[in-house]
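To be precise, the following lines are upload-v2.cif, and they hold mmCIF, C-alpha atoms and all ligand atoms.
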```
data_data
loop_
_atom_site.label_atom_id
_atom_site.label_comp_id
_atom_site.auth_asym_id
_atom_site.auth_seq_id
_atom_site.Cartn_x
_atom_site.Cartn_y
_atom_site.Cartn_z
CA MET Z 14 -4.23 -4.36 -5.21
CA THR Z 15 -4.43 -0.60 -5.89
CA GLN Z 16 -4.06 -0.46 -9.60
CA ASN Z 17 -5.45 2.12 -11.95
CA ASN Z 18 -4.06 0.48 -15.00
CA SER Z 19 -4.01 -2.89 -16.63
CA ILE Z 20 -1.22 -5.13 -17.86
CA GLU Z 21 -2.00 -3.97 -21.41
CA ALA Z 22 -1.78 -0.28 -20.48
CA ILE Z 23 1.63 -0.73 -18.85
CA ARG Z 24 2.87 -2.85 -21.74
CA ASP Z 25 1.84 -0.10 -24.18
CA LEU Z 26 3.38 2.59 -22.00
CA LEU Z 27 6.71 0.73 -21.91
CA SER Z 28 6.71 -0.21 -25.56
CA ASN Z 29 5.89 3.34 -26.74
CA ALA Z 30 8.59 5.01 -24.65
CA GLN Z 31 12.17 5.34 -25.88
CA LYS Z 32 13.98 7.53 -23.33
CA ILE Z 33 13.25 6.13 -19.88
CA MET Z 34 14.44 7.10 -16.43
CA VAL Z 35 14.10 4.66 -13.53
CA THR Z 36 14.84 5.43 -9.93
CA SER Z 37 14.24 4.16 -6.41
CA HIS Z 38 14.37 5.37 -2.84
CA ILE Z 39 17.11 7.09 -0.83
CA ARG Z 40 19.37 4.90 1.31
CA PRO Z 41 18.61 2.09 -1.17
CA ASP Z 42 18.19 -1.44 0.11
CA GLY Z 43 18.47 -4.69 -1.86
CA ASP Z 44 14.93 -4.39 -3.23
CA ALA Z 45 15.54 -0.82 -4.42
CA ILE Z 46 18.76 -1.76 -6.20
CA GLY Z 47 17.46 -5.11 -7.45
CA SER Z 48 14.26 -3.65 -8.90
CA LEU Z 49 16.16 -0.75 -10.47
CA LEU Z 50 18.60 -3.10 -12.18
CA GLY Z 51 15.96 -5.72 -12.97
CA LEU Z 52 13.68 -3.30 -14.79
CA GLY Z 53 16.51 -1.10 -16.10
CA LEU Z 54 18.44 -3.99 -17.68
CA SER Z 55 15.28 -5.50 -19.18
CA LEU Z 56 14.42 -2.15 -20.80
CA LEU Z 57 17.98 -1.88 -22.12
CA GLU Z 58 17.63 -5.39 -23.57
CA ALA Z 59 14.47 -4.18 -25.31
CA GLY Z 60 16.54 -1.49 -27.05
CA LYS Z 61 15.48 1.48 -24.91
CA GLN Z 62 17.68 4.35 -23.81
CA VAL Z 63 17.66 3.95 -20.03
CA SER Z 64 19.02 6.07 -17.18
CA MET Z 65 19.10 4.22 -13.85
CA VAL Z 66 19.40 6.73 -11.01
CA LEU Z 67 19.94 6.43 -7.24
CA VAL Z 68 20.59 9.86 -5.72
CA ASP Z 69 22.43 8.31 -2.75
CA GLY Z 70 24.46 5.92 -4.87
CA PHE Z 71 24.42 2.50 -3.20
CA PRO Z 72 26.36 0.55 -0.58
CA SER Z 73 29.44 -1.13 -2.04
CA ALA Z 74 28.14 -4.45 -0.69
CA PHE Z 75 25.82 -4.54 -3.73
CA ARG Z 76 28.64 -4.22 -6.28
CA TYR Z 77 28.29 -7.95 -6.96
CA LEU Z 78 25.10 -7.25 -8.94
CA PRO Z 79 25.67 -7.26 -12.70
CA GLY Z 80 25.01 -3.82 -14.22
CA SER Z 81 25.49 -1.92 -10.94
CA ASN Z 82 28.28 0.12 -12.60
CA ARG Z 83 25.61 1.66 -14.86
CA ILE Z 84 23.77 3.30 -11.94
CA LEU Z 85 24.02 7.11 -11.92
CA ARG Z 86 23.60 9.55 -9.01
CA SER Z 87 21.60 12.01 -11.10
CA ALA Z 88 19.78 12.01 -14.40
CA PRO Z 89 21.69 13.34 -17.42
CA ARG Z 90 20.49 16.92 -17.98
CA ASN Z 91 20.55 16.74 -21.76
CA ILE Z 92 17.97 13.96 -22.04
CA GLU Z 93 14.26 14.73 -22.23
CA PHE Z 94 12.69 11.57 -20.84
CA ASP Z 95 9.40 10.37 -22.24
CA LEU Z 96 8.81 8.00 -19.33
CA THR Z 97 9.78 8.16 -15.64
CA ILE Z 98 9.41 5.15 -13.34
CA SER Z 99 9.63 4.94 -9.55
CA LEU Z 100 10.35 1.60 -7.88
CA ASP Z 101 9.89 0.45 -4.26
CA ALA Z 102 9.05 3.94 -2.94
CA SER Z 103 5.84 4.69 -1.06
CA ASP Z 104 5.92 8.46 -1.47
CA PRO Z 105 7.71 10.96 -3.74
CA GLU Z 106 9.86 12.40 -0.92
CA ARG Z 107 11.55 9.00 -0.68
CA LEU Z 108 12.99 9.56 -4.16
CA GLY Z 109 15.26 12.38 -2.99
CA ASN Z 110 14.11 14.69 -5.80
CA ALA Z 111 15.51 12.38 -8.46
CA PHE Z 112 12.88 13.47 -10.99
CA GLY Z 113 12.93 17.19 -10.17
CA GLU Z 114 9.81 18.90 -11.53
CA ARG Z 115 9.26 16.09 -14.02
CA GLY Z 116 7.07 13.97 -11.76
CA VAL Z 117 6.44 10.24 -11.88
CA ASP Z 118 4.62 8.51 -14.72
CA LEU Z 119 4.69 4.94 -13.44
CA ASN Z 120 4.84 4.01 -9.74
CA ILE Z 121 5.60 0.33 -9.09
CA ASP Z 122 5.67 -0.68 -5.43
CA HIS Z 123 4.56 -3.10 -2.72
CA HIS Z 124 4.15 -0.81 0.33
CA ILE Z 125 0.72 -0.79 1.95
CA THR Z 126 1.28 2.91 2.73
CA ASN Z 127 1.91 3.90 -0.92
CA VAL Z 128 0.21 7.24 -1.62
CA ASN Z 129 -0.30 6.52 -5.36
CA PHE Z 130 1.77 9.48 -6.52
CA GLY Z 131 2.31 8.30 -10.11
CA LYS Z 132 0.15 8.95 -13.13
CA ILE Z 133 -0.14 5.17 -13.25
CA ASN Z 134 0.18 3.22 -10.01
CA PHE Z 135 0.94 -0.48 -9.89
CA VAL Z 136 0.97 -1.21 -6.16
CA ASP Z 137 0.63 -4.73 -4.80
CA PRO Z 138 1.00 -4.93 -0.98
CA SER Z 139 0.69 -8.72 -1.11
CA ALA Z 140 4.01 -8.91 -2.97
CA VAL Z 141 7.02 -9.66 -0.75
CA ALA Z 142 9.21 -7.25 -2.74
CA THR Z 143 9.01 -4.86 -5.67
CA CYS Z 144 11.37 -7.35 -7.32
CA ALA Z 145 8.68 -10.02 -6.95
CA ILE Z 146 6.19 -7.78 -8.79
CA LEU Z 147 8.70 -7.33 -11.61
CA ALA Z 148 9.55 -11.03 -11.79
CA GLU Z 149 5.85 -11.84 -12.08
CA HIS Z 150 4.92 -9.18 -14.63
CA LEU Z 151 7.96 -8.36 -16.80
CA PRO Z 152 7.08 -11.07 -19.37
CA GLU Z 153 3.46 -9.83 -19.55
CA TRP Z 154 4.80 -6.33 -20.09
CA GLY Z 155 6.76 -7.63 -23.09
CA LEU Z 156 10.16 -7.66 -21.35
CA LYS Z 157 12.68 -10.48 -21.01
CA ILE Z 158 14.33 -11.91 -17.91
CA ASN Z 159 17.91 -13.02 -18.56
CA ASN Z 160 20.52 -14.29 -16.10
CA ASP Z 161 21.62 -10.80 -14.91
CA ILE Z 162 18.03 -9.60 -14.51
CA ALA Z 163 17.08 -12.76 -12.59
CA THR Z 164 20.08 -12.22 -10.31
CA ALA Z 165 19.05 -8.64 -9.55
CA LEU Z 166 15.42 -9.61 -8.90
CA LEU Z 167 16.25 -12.56 -6.66
CA SER Z 168 18.62 -10.34 -4.68
CA GLY Z 169 15.72 -7.98 -3.86
CA ILE Z 170 13.42 -10.83 -2.86
CA ILE Z 171 16.06 -12.36 -0.60
CA THR Z 172 16.88 -9.07 1.13
CA ASP Z 173 13.30 -7.83 1.63
CA THR Z 174 12.24 -11.21 3.07
CA ILE Z 175 15.52 -11.49 5.05
CA GLY Z 176 16.16 -14.86 3.48
CA PHE Z 177 12.50 -15.96 3.11
CA ARG Z 178 11.65 -15.55 6.78
CA THR Z 179 9.49 -12.42 7.10
CA SER Z 180 5.87 -13.01 8.12
CA ASN Z 181 4.56 -11.91 4.71
CA MET Z 182 6.45 -14.74 2.96
CA ASN Z 183 4.18 -16.86 0.75
CA SER Z 184 4.24 -19.78 -1.68
CA LYS Z 185 3.93 -17.45 -4.67
CA ALA Z 186 7.26 -15.87 -3.73
CA MET Z 187 8.82 -19.35 -3.62
CA ARG Z 188 7.46 -20.11 -7.10
CA ILE Z 189 8.80 -16.80 -8.39
CA THR Z 190 12.15 -17.66 -6.77
CA ALA Z 191 12.21 -21.05 -8.51
CA ASP Z 192 11.46 -19.36 -11.84
CA LEU Z 193 14.30 -16.88 -11.29
CA MET Z 194 16.65 -19.80 -10.54
CA ASP Z 195 15.52 -21.38 -13.82
CA HIS Z 196 16.48 -18.10 -15.50
CA GLY Z 197 20.02 -18.52 -14.12
CA ALA Z 198 19.98 -16.80 -10.72
CA ASN Z 199 22.40 -18.52 -8.33
CA LEU Z 200 20.48 -18.64 -5.03
CA PRO Z 201 23.26 -19.74 -2.65
CA GLN Z 202 25.65 -17.18 -4.08
CA ILE Z 203 23.14 -14.32 -3.95
CA TYR Z 204 22.04 -15.32 -0.44
CA THR Z 205 25.62 -15.29 0.79
CA GLU Z 206 26.47 -11.97 -0.87
CA ALA Z 207 23.25 -10.30 0.27
CA LEU Z 208 22.79 -11.60 3.79
CA VAL Z 209 25.89 -13.34 5.10
CA ASN Z 210 28.98 -11.42 3.97
CA ARG Z 211 29.73 -8.30 6.00
CA SER Z 212 32.56 -5.82 6.06
CA PHE Z 213 34.78 -5.20 9.09
CA GLU Z 214 33.62 -1.55 9.14
CA GLN Z 215 29.98 -2.61 9.21
CA ILE Z 216 30.43 -4.80 12.29
CA LEU Z 217 32.55 -2.14 13.99
CA TYR Z 218 29.77 0.40 13.28
CA TRP Z 219 27.25 -2.00 14.87
CA SER Z 220 29.43 -2.33 17.95
CA TYR Z 221 28.94 1.33 18.87
CA ALA Z 222 25.17 0.97 18.68
CA LEU Z 223 25.19 -2.35 20.55
CA GLN Z 224 26.97 -0.77 23.51
CA LYS Z 225 24.15 1.80 23.76
CA MET Z 226 21.29 -0.69 23.40
CA GLN Z 227 18.39 -0.29 25.85
CA ARG Z 228 15.28 -2.32 26.69
CA GLN Z 229 12.01 -1.65 28.43
CA ASP Z 230 8.55 -3.23 28.29
CA GLY Z 231 9.30 -5.40 25.24
CA ILE Z 232 10.96 -2.65 23.26
CA ILE Z 233 14.67 -2.61 22.32
CA TRP Z 234 16.23 0.55 20.96
CA THR Z 235 19.55 2.16 20.17
CA THR Z 236 21.22 4.82 18.04
CA LEU Z 237 23.88 5.15 15.38
CA SER Z 238 25.39 8.63 15.41
CA LEU Z 239 27.46 10.40 12.76
CA ALA Z 240 30.41 10.09 15.15
CA ASP Z 241 29.91 6.30 15.29
CA ARG Z 242 29.91 6.19 11.51
CA GLN Z 243 33.12 8.15 11.32
CA LEU Z 244 34.86 6.16 14.05
CA ALA Z 245 33.98 2.90 12.33
CA GLY Z 246 34.91 4.14 8.86
CA TYR Z 247 31.53 2.98 7.53
CA ASN Z 248 30.82 4.78 4.26
CA GLY Z 249 27.06 4.26 3.89
CA ASN Z 250 24.34 6.48 5.37
CA ASP Z 251 22.01 3.57 6.14
CA ASP Z 252 21.54 1.28 9.15
CA ALA Z 253 24.22 -1.16 7.89
CA ASP Z 254 21.63 -3.92 8.32
CA LEU Z 255 21.64 -3.54 12.10
CA ASN Z 256 17.83 -3.61 12.11
CA ASN Z 257 17.89 -7.29 11.23
CA LEU Z 258 20.08 -8.03 14.23
CA LEU Z 259 17.98 -5.98 16.67
CA SER Z 260 14.76 -7.59 15.49
CA SER Z 261 16.26 -11.03 16.10
CA ILE Z 262 16.31 -10.39 19.86
CA SER Z 263 13.60 -12.70 21.23
CA GLU Z 264 12.17 -10.29 23.76
CA ALA Z 265 11.83 -7.43 21.26
CA ASP Z 266 8.14 -7.06 20.41
CA ILE Z 267 9.34 -3.91 18.71
CA SER Z 268 12.89 -2.75 17.99
CA VAL Z 269 13.69 0.84 17.09
CA LEU Z 270 16.87 2.16 15.53
CA PHE Z 271 17.78 5.85 15.19
CA VAL Z 272 20.39 6.68 12.56
CA GLU Z 273 21.68 10.25 12.61
CA GLN Z 274 21.95 11.82 9.15
CA ASN Z 275 24.21 14.67 8.13
CA ASN Z 276 21.41 17.02 7.07
CA GLY Z 277 19.92 17.57 10.54
CA HIS Z 278 17.61 14.58 10.09
CA VAL Z 279 17.30 11.32 11.93
CA LYS Z 280 16.26 8.13 10.19
CA VAL Z 281 13.95 6.07 12.39
CA SER Z 282 13.35 2.36 11.73
CA TRP Z 283 10.84 0.13 13.48
CA ARG Z 284 10.71 -3.65 13.34
CA ALA Z 285 7.86 -5.63 14.91
CA LYS Z 286 7.06 -9.23 15.72
CA PRO Z 287 4.04 -10.82 13.97
CA GLY Z 288 0.77 -9.44 15.36
CA ILE Z 289 2.15 -5.95 15.89
CA ASN Z 290 1.73 -3.35 13.14
CA VAL Z 291 4.25 -0.50 13.09
CA SER Z 292 3.30 0.89 9.66
CA SER Z 293 0.47 2.97 11.15
CA LEU Z 294 2.89 4.33 13.75
CA ALA Z 295 5.41 5.29 11.04
CA PHE Z 296 2.63 6.77 8.92
CA SER Z 297 1.50 8.94 11.85
CA PHE Z 298 4.96 10.54 11.78
CA GLY Z 299 4.78 11.04 7.99
CA GLY Z 300 6.70 7.89 7.05
CA GLY Z 301 5.54 4.47 5.93
CA GLY Z 302 6.41 0.86 5.31
CA HIS Z 303 5.03 -2.59 6.06
CA PRO Z 304 3.26 -3.89 9.19
CA ALA Z 305 6.48 -5.56 10.40
CA ALA Z 306 9.06 -3.02 9.12
CA SER Z 307 8.57 0.70 8.78
CA GLY Z 308 10.50 3.94 8.84
CA VAL Z 309 10.47 7.71 8.75
CA ASP Z 310 12.89 10.61 8.33
CA LEU Z 311 12.45 13.27 11.02
CA GLN Z 312 14.03 16.69 11.33
CA GLY Z 313 15.73 17.31 14.67
CA ALA Z 314 18.52 16.37 17.03
CA LEU Z 315 19.11 12.69 17.77
CA THR Z 316 18.06 12.86 21.44
CA ASP Z 317 14.93 14.94 20.73
CA VAL Z 318 13.76 12.62 17.97
CA GLN Z 319 14.52 9.63 20.16
CA ASN Z 320 12.43 10.98 23.06
CA THR Z 321 9.43 11.84 20.90
CA VAL Z 322 9.48 8.58 18.98
CA MET Z 323 10.04 6.33 22.00
CA GLU Z 324 7.09 7.90 23.83
CA ALA Z 325 4.82 7.22 20.86
CA THR Z 326 6.21 3.71 20.41
CA PHE Z 327 5.57 2.75 24.05
CA ALA Z 328 2.01 4.08 23.73
CA HIS Z 329 1.52 2.21 20.45
CA LEU Z 330 2.68 -1.13 21.90
CA LYS Z 331 0.55 -0.67 25.01
CA GLN Z 332 -2.50 0.07 22.87
CA THR Z 333 -1.84 -2.94 20.66
CA LYS Z 334 -1.54 -5.22 23.70
CA ASP Z 335 -4.67 -3.75 25.31
CA GLU Z 336 -6.59 -4.42 22.09
CA GLN Z 337 -5.27 -8.00 21.95
CA ILE Z 338 -6.52 -8.65 25.50
CA SER Z 339 -9.97 -7.12 25.07
P1 LIG Q 1 13.98 0.74 6.81
O1 LIG Q 1 13.66 0.89 8.24
O2 LIG Q 1 14.60 1.94 6.18
O3 LIG Q 1 14.71 -0.52 6.50
O4 LIG Q 1 12.59 0.64 6.08
C1 LIG Q 1 11.60 -0.27 6.48
C2 LIG Q 1 10.40 -0.06 5.61
O5 LIG Q 1 9.84 1.23 5.84
C3 LIG Q 1 10.74 -0.12 4.12
O6 LIG Q 1 9.73 -0.81 3.47
C4 LIG Q 1 10.78 1.32 3.71
O7 LIG Q 1 10.39 1.50 2.41
C5 LIG Q 1 9.85 2.02 4.67
N1 LIG Q 1 10.37 3.35 4.99
C6 LIG Q 1 11.54 3.62 5.57
N2 LIG Q 1 11.73 4.95 5.71
C7 LIG Q 1 10.65 5.54 5.20
C8 LIG Q 1 10.24 6.90 5.02
N3 LIG Q 1 11.00 7.93 5.40
N4 LIG Q 1 9.04 7.13 4.43
C9 LIG Q 1 8.27 6.10 4.04
N5 LIG Q 1 8.59 4.81 4.18
C10 LIG Q 1 9.76 4.51 4.73
MN MN Q 2 13.18 -0.76 -0.15
MN MN Q 3 10.74 -3.41 -0.94
#
```
Render the structure in this file as structure tokens.
Amino acid sequence: MTQNNSIEAIRDLLSNAQKIMVTSHIRPDGDAIGSLLGLGLSLLEAGKQVSMVLVDGFPSAFRYLPGSNRILRSAPRNIEFDLTISLDASDPERLGNAFGERGVDLNIDHHITNVNFGKINFVDPSAVATCAILAEHLPEWGLKINNDIATALLSGIITDTIGFRTSNMNSKAMRITADLMDHGANLPQIYTEALVNRSFEQILYWSYALQKMQRQDGIIWTTLSLADRQLAGYNGNDDADLNNLLSSISEADISVLFVEQNNGHVKVSWRAKPGINVSSLAFSFGGGGHPAASGVDLQGALTDVQNTVMEATFAHLKQTKDEQIS
């Protein structure tokens, strides 16, 4: 664990602060939203003034989480925060400038590629989710876990592990899950909301990408364009969870998804089968992630980004296989 501060130091930091801003990464996933609400609600319970910020807002599919209506798209200008906290983000660019010039005091994350950009960094790559870190440590940091907080935290664990099935899943995460259930989290309900229920628009959006799907040498890839998004009426700017479907294809050693963004960027996502590490590949492009799931935002047109990234991905898989043989 990369950690330049102890449990006591973080407890003191949290207890001494009154005006606190918490944020997480752009295109927030379940772990981003769950950790934001989990920590944010527990700080509110402790009597703090808390601003929970997600610059992209969040997909309406997460509205089921208690407290989600408190999430703001920008920090109130009239508040001078005495503590800023980043959750589930491996580098400051991922925060979408939520803190402005203010910078990050406390960086809590589980990405192996975290660049330790906070004044205090609590980074545990062995944790299955940032929510798992919070569930483990909130009580030591002097904060309570109630029913709503447990629900938010379990939601992040379930989404980041895709229902407890990612290769980094471990018994500690199951114990944490059991504890969260004891705190009132309803596992079947959260599982269904987070991983089973889908909107018509989401599936329609997928269908455009599925028609374009390609395969070669153990790699599956496809794109989601802005036009696809508009045609489908999908209102998020994320992958609509399509990555999970692509990575379920048996022959995909690696799957790659390109999602066109409306600022001249393309979001690239890699998923890999156990034994193949795509985090180094993502990092080489300036992104990051986990061995089995990584991403990057690249400037450029969809086809150009696709060509560059696919060339590097083929080379990366070939190199990995060559190393496995030798
Ligand atoms: P995604 O493909 O967006 O679902 O993300 C997969 C993993 O890669 C997550 O753990 C993300 O935090 C990480 N990731 C995605 N995009 C980026 C990026 N632009 N920079 C750094 N890490 C990223
Ligand atoms: Mn995340
Ligand atoms: Mn995460």
Show me which residues sit within 9 Å of ligand LIG 1 (chain Q) when counting all atoms listed in the file, and put them as a tab-separated table (two decimals) with C-alpha atoms, keeping the file's coordinate frame.
```tsv
chain	number	residue	atom	x	y	z
Z	38	HIS	CA	14.37	5.37	-2.84
Z	39	ILE	CA	17.11	7.09	-0.83
Z	40	ARG	CA	19.37	4.90	1.31
Z	41	PRO	CA	18.61	2.09	-1.17
Z	42	ASP	CA	18.19	-1.44	0.11
Z	45	ALA	CA	15.54	-0.82	-4.42
Z	101	ASP	CA	9.89	0.45	-4.26
Z	102	ALA	CA	9.05	3.94	-2.94
Z	103	SER	CA	5.84	4.69	-1.06
Z	104	ASP	CA	5.92	8.46	-1.47
Z	106	GLU	CA	9.86	12.40	-0.92
Z	107	ARG	CA	11.55	9.00	-0.68
Z	123	HIS	CA	4.56	-3.10	-2.72
Z	124	HIS	CA	4.15	-0.81	0.33
Z	126	THR	CA	1.28	2.91	2.73
Z	127	ASN	CA	1.91	3.90	-0.92
Z	142	ALA	CA	9.21	-7.25	-2.74
Z	173	ASP	CA	13.30	-7.83	1.63
Z	251	ASP	CA	22.01	3.57	6.14
Z	252	ASP	CA	21.54	1.28	9.15
Z	254	ASP	CA	21.63	-3.92	8.32
Z	256	ASN	CA	17.83	-3.61	12.11
Z	257	ASN	CA	17.89	-7.29	11.23
Z	269	VAL	CA	13.69	0.84	17.09
Z	270	LEU	CA	16.87	2.16	15.53
Z	280	LYS	CA	16.26	8.13	10.19
Z	281	VAL	CA	13.95	6.07	12.39
Z	282	SER	CA	13.35	2.36	11.73
Z	283	TRP	CA	10.84	0.13	13.48
Z	284	ARG	CA	10.71	-3.65	13.34
Z	292	SER	CA	3.30	0.89	9.66
Z	295	ALA	CA	5.41	5.29	11.04
Z	296	PHE	CA	2.63	6.77	8.92
Z	299	GLY	CA	4.78	11.04	7.99
Z	300	GLY	CA	6.70	7.89	7.05
Z	301	GLY	CA	5.54	4.47	5.93
Z	302	GLY	CA	6.41	0.86	5.31
Z	303	HIS	CA	5.03	-2.59	6.06
Z	304	PRO	CA	3.26	-3.89	9.19
Z	305	ALA	CA	6.48	-5.56	10.40
Z	306	ALA	CA	9.06	-3.02	9.12
Z	307	SER	CA	8.57	0.70	8.78
Z	308	GLY	CA	10.50	3.94	8.84
Z	309	VAL	CA	10.47	7.71	8.75
Z	310	ASP	CA	12.89	10.61	8.33
Z	311	LEU	CA	12.45	13.27	11.02
```
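Closest approach to ligand MN 2 (chain Q) from the set Z:Ala88, Z:Ile98, Z:Ile121, Z:Leu56 is made by Z:Ile121, with distances taken over only C-alpha atoms and all ligand atoms.
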Any idea what's packed within 9 Å of Gly80 (chain Z), counting all atoms listed in the file, ignoring anything in its chain fewer than 2 positions away? Could you give it as a PyMOL selection string? chain Z and resi 50+54+76-78+82-84+161+165
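As for CA of Leu57 (chain Z) and CA of Asn160 (chain Z), they are spaced 14.0 Å apart.
Close contacts of Gln312 (chain Z), defined as residues with an atom at most 9 Å away when counting all atoms listed in the file, with chain neighbours fewer than 5 positions off set aside, comprise Asn276, Gly277, His278, Val279, Lys280 and Val318 of chain Z.
If you count only C-alpha atoms and ignore residues fewer than 4 places along the chain from region 184-198 of chain Z, what sits within 9 Å of it is Ala140, Val141, Ala142, Ala145, Ala148, Glu149, Ile158, Asn159, Asn160, Asp161, Ile162, Ala163, Thr164, Ala165, Leu166, Leu167, Ser168, Ile170, Phe177, Gln202 and Ile203 of chain Z.
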Quick one: of Z:Met323, Z:Met34, Z:Val136, Z:Val63, who's nearest to ligand MN 3 (chain Q), counting all atoms listed in the file? Z:Val136
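CA of Gln31 (chain Z) to CA of Lys61 (chain Z) spans 5.2 Å [interatomic distance, one decimal].
The nearest approach to Pro152 (chain Z) among the residues Z:Glu324, Z:Glu21, Z:Asp317, Z:Asp335, with only C-alpha atoms taken into account, belongs to Z:Glu21.
When only C-alpha atoms and all ligand atoms are used to compute distances to ligand MN 3 (chain Q), the closest of the residues Z:Thr36, Z:Thr172, Z:Thr97, Z:Asn91 turns out to be Z:Thr172.
With only C-alpha atoms and all ligand atoms as the atoms that count, the residue of Z:Ala240, Z:Ile233, Z:Ile125, Z:Leu330 with the shortest distance to ligand MN 3 (chain Q) is Z:Ile125.
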